[in-house]
file target.txt (compact mmCIF, C-alpha atoms)
# COMPACT_ATOMS: atom_id res chain seq x y z
CA MET A 1 -35.61 17.11 -12.71
CA ASP A 2 -37.11 20.53 -12.23
CA GLU A 3 -34.97 23.20 -13.87
CA GLN A 4 -34.97 25.36 -10.73
CA GLN A 5 -33.83 22.36 -8.70
CA ARG A 6 -31.05 21.62 -11.18
CA LEU A 7 -29.83 25.18 -10.96
CA LEU A 8 -30.13 25.17 -7.20
CA GLU A 9 -27.84 22.15 -7.06
CA ARG A 10 -25.34 24.13 -9.13
CA LEU A 11 -25.42 27.05 -6.71
CA PRO A 12 -22.39 25.88 -4.65
CA ASP A 13 -20.36 25.60 -7.86
CA TYR A 14 -21.59 29.01 -8.98
CA LEU A 15 -20.56 30.64 -5.73
CA ASN A 16 -17.11 29.07 -6.01
CA GLY A 17 -16.74 30.29 -9.58
CA HIS A 18 -17.12 26.96 -11.36
CA VAL A 19 -20.22 27.73 -13.47
CA ALA A 20 -20.11 29.60 -16.73
CA GLY A 21 -22.35 30.30 -19.70
CA GLU A 22 -26.11 30.22 -19.68
CA ASP A 23 -26.39 28.51 -16.29
CA ALA A 24 -24.26 31.20 -14.70
CA ARG A 25 -26.40 33.95 -16.20
CA ARG A 26 -29.63 32.35 -15.01
CA ILE A 27 -28.34 31.68 -11.50
CA GLY A 28 -27.11 35.27 -11.30
CA ALA A 29 -30.55 36.52 -12.32
CA LEU A 30 -32.28 34.34 -9.73
CA LEU A 31 -29.96 35.59 -7.02
CA GLN A 32 -30.87 39.13 -7.95
CA SER A 33 -34.61 38.62 -7.91
CA ASP A 34 -35.52 35.65 -5.72
CA ALA A 35 -35.43 35.97 -1.94
CA ALA A 36 -35.30 32.18 -1.47
CA TRP A 37 -32.21 32.01 -3.63
CA GLN A 38 -30.68 34.87 -1.73
CA ALA A 39 -31.32 33.01 1.52
CA GLN A 40 -29.61 29.92 0.11
CA ALA A 41 -26.59 31.93 -0.93
CA GLU A 42 -26.55 33.70 2.41
CA LEU A 43 -26.55 30.38 4.24
CA LEU A 44 -23.62 29.13 2.19
CA ALA A 45 -21.82 32.38 2.88
CA ASP A 46 -22.46 31.81 6.57
CA VAL A 47 -20.91 28.36 6.29
CA ARG A 48 -17.89 29.78 4.55
CA ASP A 49 -17.55 32.49 7.20
CA ALA A 50 -17.86 30.00 10.03
CA VAL A 51 -15.30 27.59 8.58
CA GLY A 52 -13.03 30.53 7.79
CA ALA A 53 -13.31 31.77 11.35
CA GLN A 54 -12.54 28.30 12.61
CA MET A 55 -9.36 28.26 10.52
CA ALA A 56 -8.41 31.76 11.52
CA ALA A 57 -8.63 30.82 15.17
CA MET A 58 -6.02 28.13 14.67
CA ASP A 59 -2.30 28.58 14.97
CA SER A 60 -0.71 27.77 11.63
CA ASP A 61 2.43 26.63 13.43
CA ALA A 62 0.58 24.21 15.69
CA GLY A 63 2.09 20.79 15.19
CA LEU A 64 5.08 22.10 13.27
CA ASP A 65 7.47 21.29 16.12
CA GLU A 66 6.11 17.79 16.28
CA LEU A 67 6.58 17.44 12.53
CA ARG A 68 10.19 18.64 12.78
CA ARG A 69 10.83 16.26 15.63
CA ARG A 70 9.49 13.37 13.56
CA ILE A 71 11.61 14.33 10.59
CA ALA A 72 14.69 14.57 12.79
CA THR A 73 14.19 11.01 13.99
CA PRO A 74 13.99 8.99 10.81
CA LEU A 75 13.83 5.75 12.77
CA ALA A 76 10.38 6.64 13.96
CA ALA A 77 7.96 4.35 12.23
CA PRO A 78 6.49 6.25 9.30
CA SER A 79 2.85 5.95 8.48
CA PRO A 80 1.97 3.78 5.53
CA PRO A 81 1.85 5.72 2.28
CA ALA A 82 -1.54 7.00 1.25
CA PRO A 83 -2.99 6.40 -2.19
CA LEU A 84 -2.44 8.91 -4.93
CA ALA A 85 -5.02 11.46 -5.74
CA GLY A 86 -7.05 10.62 -8.78
CA THR A 87 -6.98 7.02 -7.72
CA PRO A 88 -8.99 7.36 -4.57
CA ALA A 89 -8.39 3.94 -3.22
CA GLY A 90 -9.98 3.13 0.07
CA PRO A 91 -7.90 3.54 3.16
CA ARG A 92 -5.93 0.58 4.23
CA PRO A 93 -7.12 -0.81 7.52
CA ALA A 94 -4.47 -1.25 10.14
CA ARG A 95 -3.67 -4.96 10.08
CA ARG A 96 -3.45 -6.69 13.41
CA ARG A 97 -0.85 -9.45 13.43
CA ALA A 98 -1.86 -12.96 14.38
CA TRP A 99 -0.75 -14.28 17.77
CA TRP A 100 1.79 -16.64 16.21
CA GLN A 101 3.26 -13.80 14.14
CA ARG A 102 3.64 -11.76 17.29
CA PHE A 103 5.21 -14.75 19.03
CA VAL A 104 7.70 -15.25 16.22
CA GLY A 105 8.31 -11.55 16.23
CA ILE A 106 9.64 -11.68 19.79
CA ARG A 107 13.30 -11.46 19.11
CA LEU A 108 14.71 -13.47 21.97
CA ILE A 109 17.80 -14.74 20.23
CA PRO A 110 19.99 -11.63 20.03
CA GLY A 111 19.39 -10.58 23.59
CA PHE A 112 19.65 -13.96 25.21
CA ALA A 113 22.27 -15.58 22.98
CA PRO A 114 25.12 -15.39 25.57
CA ALA A 115 22.93 -16.89 28.28
CA ILE A 116 21.70 -19.69 26.03
CA MET A 117 25.24 -20.57 24.89
CA ALA A 118 26.55 -20.53 28.46
CA THR A 119 23.75 -22.87 29.56
CA LEU A 120 24.48 -25.33 26.74
CA ALA A 121 28.20 -25.31 27.54
CA ALA A 122 27.47 -25.97 31.22
CA VAL A 123 25.28 -28.96 30.31
CA CYS A 124 28.09 -30.40 28.16
CA VAL A 125 30.66 -29.98 30.94
CA VAL A 126 28.43 -31.66 33.53
CA GLN A 127 27.67 -34.60 31.25
CA GLY A 128 31.36 -35.02 30.45
CA TRP A 129 32.19 -35.02 34.15
CA MET A 130 29.50 -37.60 34.86
CA LEU A 131 30.82 -39.92 32.12
CA GLY A 132 34.41 -39.52 33.25
CA GLY A 133 33.55 -40.17 36.90
CA ALA A 134 31.43 -43.27 36.24
CA PRO A 135 32.77 -46.54 37.89
CA ASP A 136 34.78 -48.84 35.61
CA SER A 137 32.48 -51.76 34.81
CA GLY A 138 35.16 -53.69 32.96
CA LEU A 139 33.22 -53.58 29.83
CA ALA A 140 35.18 -53.05 26.71
CA TRP A 141 33.87 -51.78 23.51
CA ARG A 142 34.31 -54.12 20.64
CA ASN A 143 33.66 -53.69 17.03
CA ALA A 144 30.86 -55.82 15.69
CA PRO A 145 31.01 -57.02 12.11
CA LEU A 146 28.29 -55.63 9.99
CA SER A 147 27.63 -59.02 8.36
CA VAL A 148 27.85 -62.49 9.85
CA ALA A 149 29.00 -65.22 7.51
CA ALA A 150 27.21 -68.50 7.95
CA PRO A 151 29.57 -71.46 8.67
CA ALA A 152 30.17 -73.53 5.60
CA ALA A 153 28.25 -76.81 5.51
CA ASN A 154 30.13 -79.84 4.24
CA LEU A 155 27.56 -82.59 4.78
CA ARG A 156 23.99 -83.15 3.83
CA VAL A 157 21.94 -85.60 5.85
CA ARG A 158 18.38 -86.88 5.99
CA PHE A 159 17.15 -88.26 9.25
CA ALA A 160 14.46 -90.88 9.51
CA ALA A 161 11.03 -89.46 10.00
CA GLU A 162 10.49 -91.43 13.20
CA ALA A 163 13.87 -90.35 14.72
CA SER A 164 13.54 -88.62 18.08
CA LEU A 165 15.33 -85.44 18.98
CA ALA A 166 17.53 -87.34 21.45
CA GLN A 167 18.58 -89.82 18.76
CA VAL A 168 19.43 -87.00 16.38
CA GLU A 169 21.45 -85.20 19.06
CA ALA A 170 23.33 -88.39 19.90
CA THR A 171 24.14 -89.05 16.25
CA LEU A 172 25.44 -85.54 15.73
CA PHE A 173 27.50 -85.78 18.92
CA GLN A 174 29.11 -88.99 17.78
CA ALA A 175 29.88 -87.63 14.35
CA HIS A 176 31.29 -84.35 15.84
CA ALA A 177 28.96 -82.41 13.55
CA ARG A 178 26.46 -79.62 14.07
CA ILE A 179 23.47 -78.42 12.16
CA VAL A 180 24.12 -75.39 9.99
CA SER A 181 20.80 -75.18 8.29
CA GLY A 182 17.52 -77.09 8.19
CA PRO A 183 15.26 -78.77 8.25
CA GLN A 184 14.83 -78.40 4.54
CA GLY A 185 12.43 -80.55 2.61
CA SER A 186 12.11 -84.25 3.60
CA GLN A 187 13.94 -83.90 6.95
CA ARG A 188 17.15 -82.84 5.26
CA TYR A 189 19.75 -80.86 7.20
CA LEU A 190 23.03 -79.31 6.27
CA LEU A 191 25.81 -80.12 8.70
CA GLN A 192 29.27 -78.91 9.35
CA ALA A 193 31.90 -81.25 10.69
CA GLU A 194 35.61 -80.74 11.30
CA ASP A 195 36.40 -84.06 9.71
CA ALA A 196 33.86 -84.50 6.99
CA ALA A 197 34.94 -87.97 5.89
CA ALA A 198 34.89 -89.43 9.42
CA ALA A 199 31.63 -87.73 10.18
CA LEU A 200 30.11 -89.01 6.96
CA ALA A 201 31.13 -92.57 7.85
CA GLN A 202 29.71 -92.17 11.34
CA LEU A 203 26.41 -90.80 10.03
CA ARG A 204 25.99 -93.56 7.47
CA ALA A 205 26.46 -96.06 10.22
CA SER A 206 23.69 -94.55 12.32
CA ALA A 207 20.28 -96.21 12.33
CA VAL A 208 18.39 -92.86 12.31
CA VAL A 209 20.12 -91.51 9.23
CA VAL A 210 18.42 -92.40 5.99
CA GLU A 211 20.79 -90.66 3.70
CA ALA A 212 24.11 -88.80 4.10
CA SER A 213 26.39 -87.28 1.52
CA ALA A 214 29.31 -84.90 1.37
CA ILE A 215 28.95 -81.39 -0.04
CA PRO A 216 31.82 -80.34 -2.24
CA ALA A 217 33.72 -77.28 -1.02
CA GLY A 218 32.39 -74.02 -2.47
CA PRO A 219 30.78 -70.77 -1.39
CA ALA A 220 29.19 -70.60 2.01
CA ALA A 221 25.81 -72.12 2.30
CA PRO A 222 23.00 -69.62 2.32
CA LEU A 223 21.19 -68.84 5.52
CA PRO A 224 17.71 -70.24 5.74
CA MET B 1 15.24 30.90 -1.67
CA SER B 2 12.12 32.81 -0.70
CA THR B 3 9.20 30.52 -0.10
CA GLN B 4 6.62 33.25 0.35
CA THR B 5 5.11 33.21 -3.12
CA LEU B 6 5.84 29.73 -4.33
CA ALA B 7 3.12 27.42 -5.57
CA PRO B 8 2.63 24.10 -3.77
CA SER B 9 4.23 22.18 -6.63
CA GLU B 10 7.33 24.36 -6.39
CA LEU B 11 7.48 23.90 -2.65
CA LEU B 12 7.19 20.15 -3.12
CA ALA B 13 10.04 20.23 -5.61
CA ALA B 14 12.15 22.12 -3.09
CA MET B 15 11.24 19.58 -0.44
CA ALA B 16 12.40 16.82 -2.76
CA GLY B 17 15.76 18.56 -2.68
CA GLY B 18 15.73 18.43 1.13
CA ASP B 19 14.71 22.04 1.78
CA GLN B 20 12.93 21.99 5.11
CA ARG B 21 11.96 25.66 4.79
CA ALA B 22 9.70 24.66 1.90
CA LEU B 23 8.00 22.18 4.19
CA ASP B 24 7.52 24.88 6.82
CA ALA B 25 5.98 27.20 4.24
CA LEU B 26 3.69 24.50 2.90
CA TYR B 27 2.66 23.60 6.44
CA ARG B 28 1.82 27.20 7.31
CA ASP B 29 -0.20 27.59 4.12
CA TRP B 30 -2.19 24.39 4.33
CA SER B 31 -2.13 22.84 7.78
CA ARG B 32 -5.19 24.70 9.04
CA LYS B 33 -7.31 23.48 6.14
CA VAL B 34 -6.09 19.96 6.70
CA ARG B 35 -6.83 20.21 10.41
CA VAL B 36 -10.31 21.70 9.96
CA PHE B 37 -11.26 19.05 7.44
CA ALA B 38 -9.92 16.21 9.58
CA HIS B 39 -11.74 17.67 12.56
CA ALA B 40 -15.03 17.76 10.64
CA LYS B 41 -14.52 14.16 9.61
CA LEU B 42 -13.75 13.06 13.16
CA LEU B 43 -16.78 14.63 14.77
CA ARG B 44 -19.24 12.24 16.36
CA CYS B 45 -16.91 9.26 15.98
CA GLY B 46 -16.41 8.93 19.71
CA LEU B 47 -12.83 10.20 19.52
CA ASP B 48 -11.00 13.30 20.67
CA ALA B 49 -11.46 15.15 17.39
CA ASP B 50 -9.09 18.01 18.30
CA ALA B 51 -6.21 15.76 19.27
CA ILE B 52 -6.56 13.32 16.42
CA ALA B 53 -7.03 16.07 13.85
CA GLY B 54 -3.68 17.43 15.01
CA GLU B 55 -2.13 14.00 14.71
CA VAL B 56 -3.54 13.54 11.21
CA THR B 57 -2.19 16.94 10.17
CA VAL B 58 1.33 16.10 11.25
CA ASP B 59 1.02 12.69 9.64
CA VAL B 60 -0.07 14.15 6.31
CA PHE B 61 2.83 16.58 6.13
CA HIS B 62 5.26 13.94 7.28
CA ASP B 63 4.15 11.84 4.32
CA LEU B 64 4.64 14.83 2.06
CA TRP B 65 8.16 15.26 3.37
CA LEU B 66 8.98 11.60 2.81
CA ALA B 67 7.65 11.52 -0.74
CA PRO B 68 6.99 15.04 -2.04
CA LEU B 69 7.02 14.01 -5.66
CA ARG B 70 4.09 11.69 -5.17
CA TYR B 71 1.94 14.63 -6.19
CA ASP B 72 1.97 14.46 -9.98
CA GLY B 73 -0.23 17.44 -10.81
CA ARG B 74 -3.04 15.45 -12.37
CA VAL B 75 -5.50 17.15 -10.02
CA GLU B 76 -5.41 20.38 -8.06
CA PHE B 77 -3.05 20.25 -5.10
CA SER B 78 -5.91 21.07 -2.73
CA THR B 79 -7.94 18.13 -4.02
CA TRP B 80 -4.97 15.82 -3.69
CA LEU B 81 -4.03 17.03 -0.23
CA LEU B 82 -7.57 16.79 1.11
CA THR B 83 -7.93 13.29 -0.36
CA LEU B 84 -4.77 12.31 1.50
CA THR B 85 -6.17 13.92 4.63
CA ARG B 86 -9.44 12.06 4.32
CA ASN B 87 -7.69 8.71 3.91
CA LYS B 88 -5.44 9.40 6.89
CA THR B 89 -8.41 10.38 9.00
CA VAL B 90 -10.33 7.25 8.11
CA ASP B 91 -7.19 5.24 8.95
CA GLN B 92 -7.04 6.89 12.35
CA ILE B 93 -10.70 6.20 13.03
CA ARG B 94 -10.18 2.54 12.22
CA ARG B 95 -6.92 2.36 14.15
CA HIS B 96 -8.71 3.54 17.23
CA GLY B 97 -11.30 0.84 16.69
CA LYS B 98 -14.10 3.25 15.98
CA ARG B 99 -16.63 3.27 13.26
CA GLN B 100 -17.06 6.22 11.00
CA ALA B 101 -20.29 7.97 11.63
CA ALA B 102 -22.55 6.28 9.14
CA GLU B 103 -24.41 8.12 6.46
CA GLU B 104 -28.03 8.11 7.40
CA ALA B 105 -30.97 8.24 5.09
CA LEU B 106 -31.41 11.65 3.56
CA ASP B 107 -33.76 13.87 5.45
CA ALA B 108 -35.99 14.45 2.48
CA ASP B 109 -38.66 15.96 4.66
CA GLY B 110 -36.20 18.16 6.42
CA VAL B 111 -36.31 16.64 9.88
CA LEU B 112 -35.04 19.11 12.40
CA GLU B 113 -31.72 18.50 13.96
CA GLN B 114 -32.87 17.91 17.50
CA GLU B 115 -29.37 17.45 18.79
CA ALA B 116 -28.29 20.68 17.22
CA ALA B 117 -30.99 22.51 19.05
CA ALA B 118 -29.89 20.94 22.31
CA ASP B 119 -26.29 21.79 21.57
CA LEU B 120 -27.13 25.39 20.93
CA GLU B 121 -28.23 25.70 24.52
CA THR B 122 -24.55 25.79 25.33
CA ALA B 123 -23.68 28.28 22.59
CA PRO B 124 -21.85 31.44 23.64
CA ASP B 125 -23.95 34.05 25.37
CA PRO B 126 -25.35 36.28 22.62
CA GLN B 127 -25.36 39.25 24.92
CA ALA B 128 -21.62 39.10 25.20
CA LEU B 129 -20.75 38.53 21.58
CA GLN B 130 -21.15 40.34 18.35
CA GLU B 131 -24.07 39.26 16.21
CA SER B 132 -21.84 37.93 13.46
CA ALA B 133 -19.82 35.94 15.94
CA GLN B 134 -23.00 34.49 17.36
CA ARG B 135 -24.15 33.56 13.94
CA ARG B 136 -20.85 31.90 13.09
CA ALA B 137 -20.97 29.97 16.33
CA ALA B 138 -24.51 28.88 15.55
CA VAL B 139 -23.57 27.81 12.02
CA LEU B 140 -20.59 25.83 13.28
CA SER B 141 -22.68 24.24 15.97
CA CYS B 142 -25.39 23.28 13.49
CA LEU B 143 -22.75 22.02 11.08
CA ARG B 144 -21.18 19.84 13.73
CA ARG B 145 -24.51 18.39 14.68
CA LEU B 146 -25.65 17.48 11.21
CA ARG B 147 -26.88 13.95 11.49
CA ASN B 148 -25.42 13.00 8.15
CA PRO B 149 -21.63 13.22 8.45
CA LEU B 150 -21.12 13.27 4.70
CA GLN B 151 -23.33 16.33 4.41
CA ARG B 152 -21.13 18.01 7.01
CA GLU B 153 -18.01 16.85 5.18
CA SER B 154 -19.27 18.09 1.81
CA LEU B 155 -20.22 21.51 3.16
CA THR B 156 -16.87 21.83 4.96
CA LEU B 157 -14.95 20.94 1.82
CA TRP B 158 -16.99 23.39 -0.20
CA ALA B 159 -16.24 26.19 2.25
CA LEU B 160 -12.57 25.35 2.72
CA GLU B 161 -11.00 25.89 -0.63
CA ASP B 162 -13.42 27.02 -3.34
CA LEU B 163 -13.62 23.43 -4.47
CA SER B 164 -15.97 22.42 -7.24
CA VAL B 165 -18.54 19.69 -6.78
CA LEU B 166 -16.39 17.51 -9.03
CA ASP B 167 -13.36 18.02 -6.75
CA ILE B 168 -15.44 17.17 -3.69
CA ALA B 169 -16.67 14.06 -5.46
CA ARG B 170 -13.07 13.03 -6.11
CA ILE B 171 -12.13 13.55 -2.49
CA GLN B 172 -15.13 11.65 -1.20
CA ASP B 173 -14.83 8.99 -3.89
CA ALA B 174 -18.48 9.49 -4.74
CA PRO B 175 -20.48 10.34 -7.86
CA GLU B 176 -20.93 14.03 -8.60
CA GLY B 177 -24.71 13.74 -8.30
CA THR B 178 -24.39 12.27 -4.82
CA VAL B 179 -22.28 15.22 -3.71
CA LYS B 180 -24.81 17.66 -5.14
CA THR B 181 -27.50 15.90 -3.15
CA ARG B 182 -25.41 15.97 0.01
CA LEU B 183 -24.80 19.68 -0.39
CA PHE B 184 -28.45 20.36 -1.08
CA HIS B 185 -29.84 18.39 1.86
CA GLY B 186 -27.04 19.58 4.08
CA ARG B 187 -28.14 23.13 3.38
CA LEU B 188 -31.75 22.28 4.11
CA ASN B 189 -30.89 20.71 7.46
CA LEU B 190 -28.56 23.53 8.32
CA ARG B 191 -31.17 26.15 7.49
CA GLN B 192 -33.79 24.47 9.65
CA CYS B 193 -31.33 24.22 12.50
CA MET B 194 -30.50 27.91 12.08
CA GLU B 195 -34.15 28.93 11.96
CA ARG B 196 -34.73 27.12 15.20
CA TRP B 197 -31.80 28.92 16.72
CA LEU B 198 -33.06 32.29 15.50
CA VAL B 199 -36.51 31.64 16.92
CA ARG B 200 -35.03 30.76 20.27
CA GLU B 201 -32.70 33.74 20.27
CA GLY B 202 -35.59 36.00 19.30
CA GLY B 203 -37.58 34.61 22.20
CA ARG B 204 -34.66 35.09 24.54
CA HIS B 205 -34.34 38.75 23.58
CA GLY B 206 -38.01 39.43 23.03
call {"tool": "encode", "arguments": {"input": "target.txt", "output": "structure tokens"}}
result
Amino acid sequence: MDEQQRLLERLPDYLNGHVAGEDARRIGALLQSDAAWQAQAELLADVRDAVGAQMAAMDSDAGLDELRRRIATPLAAPSPPAPLAGTPAGPRPARRRAWWQRFVGIRLIPGFAPAIMATLAAVCVVQGWMLGGAPDSGLAWRNAPLSVAAPAANLRVRFAAEASLAQVEATLFQAHARIVSGPQGSQRYLLQAEDAAAALAQLRASAVVVEASAIPAGPAAPLP
Amino acid sequence: MSTQTLAPSELLAAMAGGDQRALDALYRDWSRKVRVFAHAKLLRCGLDADAIAGEVTVDVFHDLWLAPLRYDGRVEFSTWLLTLTRNKTVDQIRRHGKRQAAEEALDADGVLEQEAAADLETAPDPQALQESAQRRAAVLSCLRRLRNPLQRESLTLWALEDLSVLDIARIQDAPEGTVKTRLFHGRLNLRQCMERWLVREGGRHG
């Protein structure tokens, strides 16, 4: 860089008293002797005068009332803090909230809580009245057992493969027995009869029964 | 407590103790500089520079009142305060959905400020004003119309508070060399604008 140019760039600092030593001496000499340098200094002096006049035309109290008013109302939303000097962080852009944040931000609950509670109570009263005023259908509520025990089988029987459904029904009717479970393998059924011995005799006498036997008493037969 | 001769740091300490008179004194001492700087920054942003500069000024001092001890003395108070002002002003520009006037390429060839010349047509009547007042008006007008807003900002900061180039660089968050260049080219553009004004005024009176 040209030495004159370097010194010229230091002229603003010189005029504000921030240049010392050899540079200050040389700039001072140039200002004494060089008309172009004098013009530069004069221009900067003009800028200083103009800015000074702009400040002087202002009222130093302008805005002070507004400031006092803001201080007196601490609930007024303060501006976000600015970064410290020396750490010249960039300004923070004003963040616009998303639509859903604004929606959530609508505080309906506190203002409308009495109305909402009154509405819910009214709905409960109306439904209670409707239930109480319903016609009596004669239905009664009964408890239902949570588990249903299978009836205990006391006979095991195997019908003939060619036996018809009617023949099987007739045999069971005569023996006063009913099917509890089956068919299992090989046309076997588990039966339950009030009189096991009589039923067993009846079944053995039937032409469609191939095999019949009594089941000793024990735990209930498992469901199929 | 008399607040007439207290340094800014002392006034801030008093403010930390809740003394509102210290805030008043600080405001009277510094608010005009804050306002002028904010105004210079807001020019040509498409906003009401006067109104928003006033808003920024109140905002800056309100922040000082809320946290006066944020100033830790690491830099000159003026540098710190004007950095705060600059950040607040940029915030305001963005809040209003405007762009900052962008820094344009340096006018290395010294392109004349055409808009400044046009603006000077509306300058105060030189017949009715003192010569110095005319000149100040012309300088301000040329300053406002500088095409490069950072040149205008640098020159305004330089004139406001005897700041060094280093201080201006801190405020603008820019390298020192960049600020020197802004000041140099700002002067060139300003001088050309002024010469044009002088020629026209000479013609008007000649």
call {"tool": "residues_around", "arguments": {"input": "target.txt", "residues": "range 184-201 of chain A", "least_positions_apart": "3", "cutoff": "6 Å", "atoms": "all atoms listed in the file", "output": "list in words"}}
result
Ala153, Asn154, Leu155, Arg156, Val157, Arg158, Phe159, Ala175, Ala177, Arg178, Ile179, Val180, Ser181 and Arg204 of chain A
call {"tool": "residues_near_point", "arguments": {"input": "target.txt", "point": "(-23.8, 12.3, -3.1)", "cutoff": "12 Å", "atoms": "only C-alpha atoms", "output": "PyMOL selection string"}}
result
(chain A and resi 9) or (chain B and resi 103+105-106+148-155+165-166+168-186)
call {"tool": "interface_residues", "arguments": {"input": "target.txt", "of": "chain B", "to": "chain A", "cutoff": "6 Å", "atoms": "all atoms listed in the file", "output": "list in words"}}
result
Arg28, Arg32, Val58, Trp80, Asn87, Arg95, Arg136, Leu140, Ala159, Asp162, Ser164 and Lys180 of chain B
call {"tool": "atom_distance", "arguments": {"input": "target.txt", "atom1": "CA of Asn189 in chain B", "atom2": "CA of His96 in chain B"}}
result
29.7 Å
call {"tool": "closest_residue", "arguments": {"input": "target.txt", "among": "B:Leu157, B:Ala13, B:Val139, B:Leu163", "to": "Arg191 in chain B", "atoms": "all atoms listed in the file"}}
result
B:Val139
call {"tool": "residues_around", "arguments": {"input": "target.txt", "residues": "range 7-10 of chain B", "least_positions_apart": "3", "cutoff": "12 Å", "atoms": "only C-alpha atoms", "output": "ChimeraX atom specification"}}
result
/B:1-4,13-17,19,22-30,64,68-78,80-81
call {"tool": "axis_aligned_box", "arguments": {"input": "target.txt", "around": "range 4-17 of chain B", "padding_each_side": "3 Å", "output": "AutoDock Vina command-line options"}}
result
--center_x 9.2 --center_y 25.0 --center_z -3.1 --size_x 19.1 --size_y 22.4 --size_z 13.0
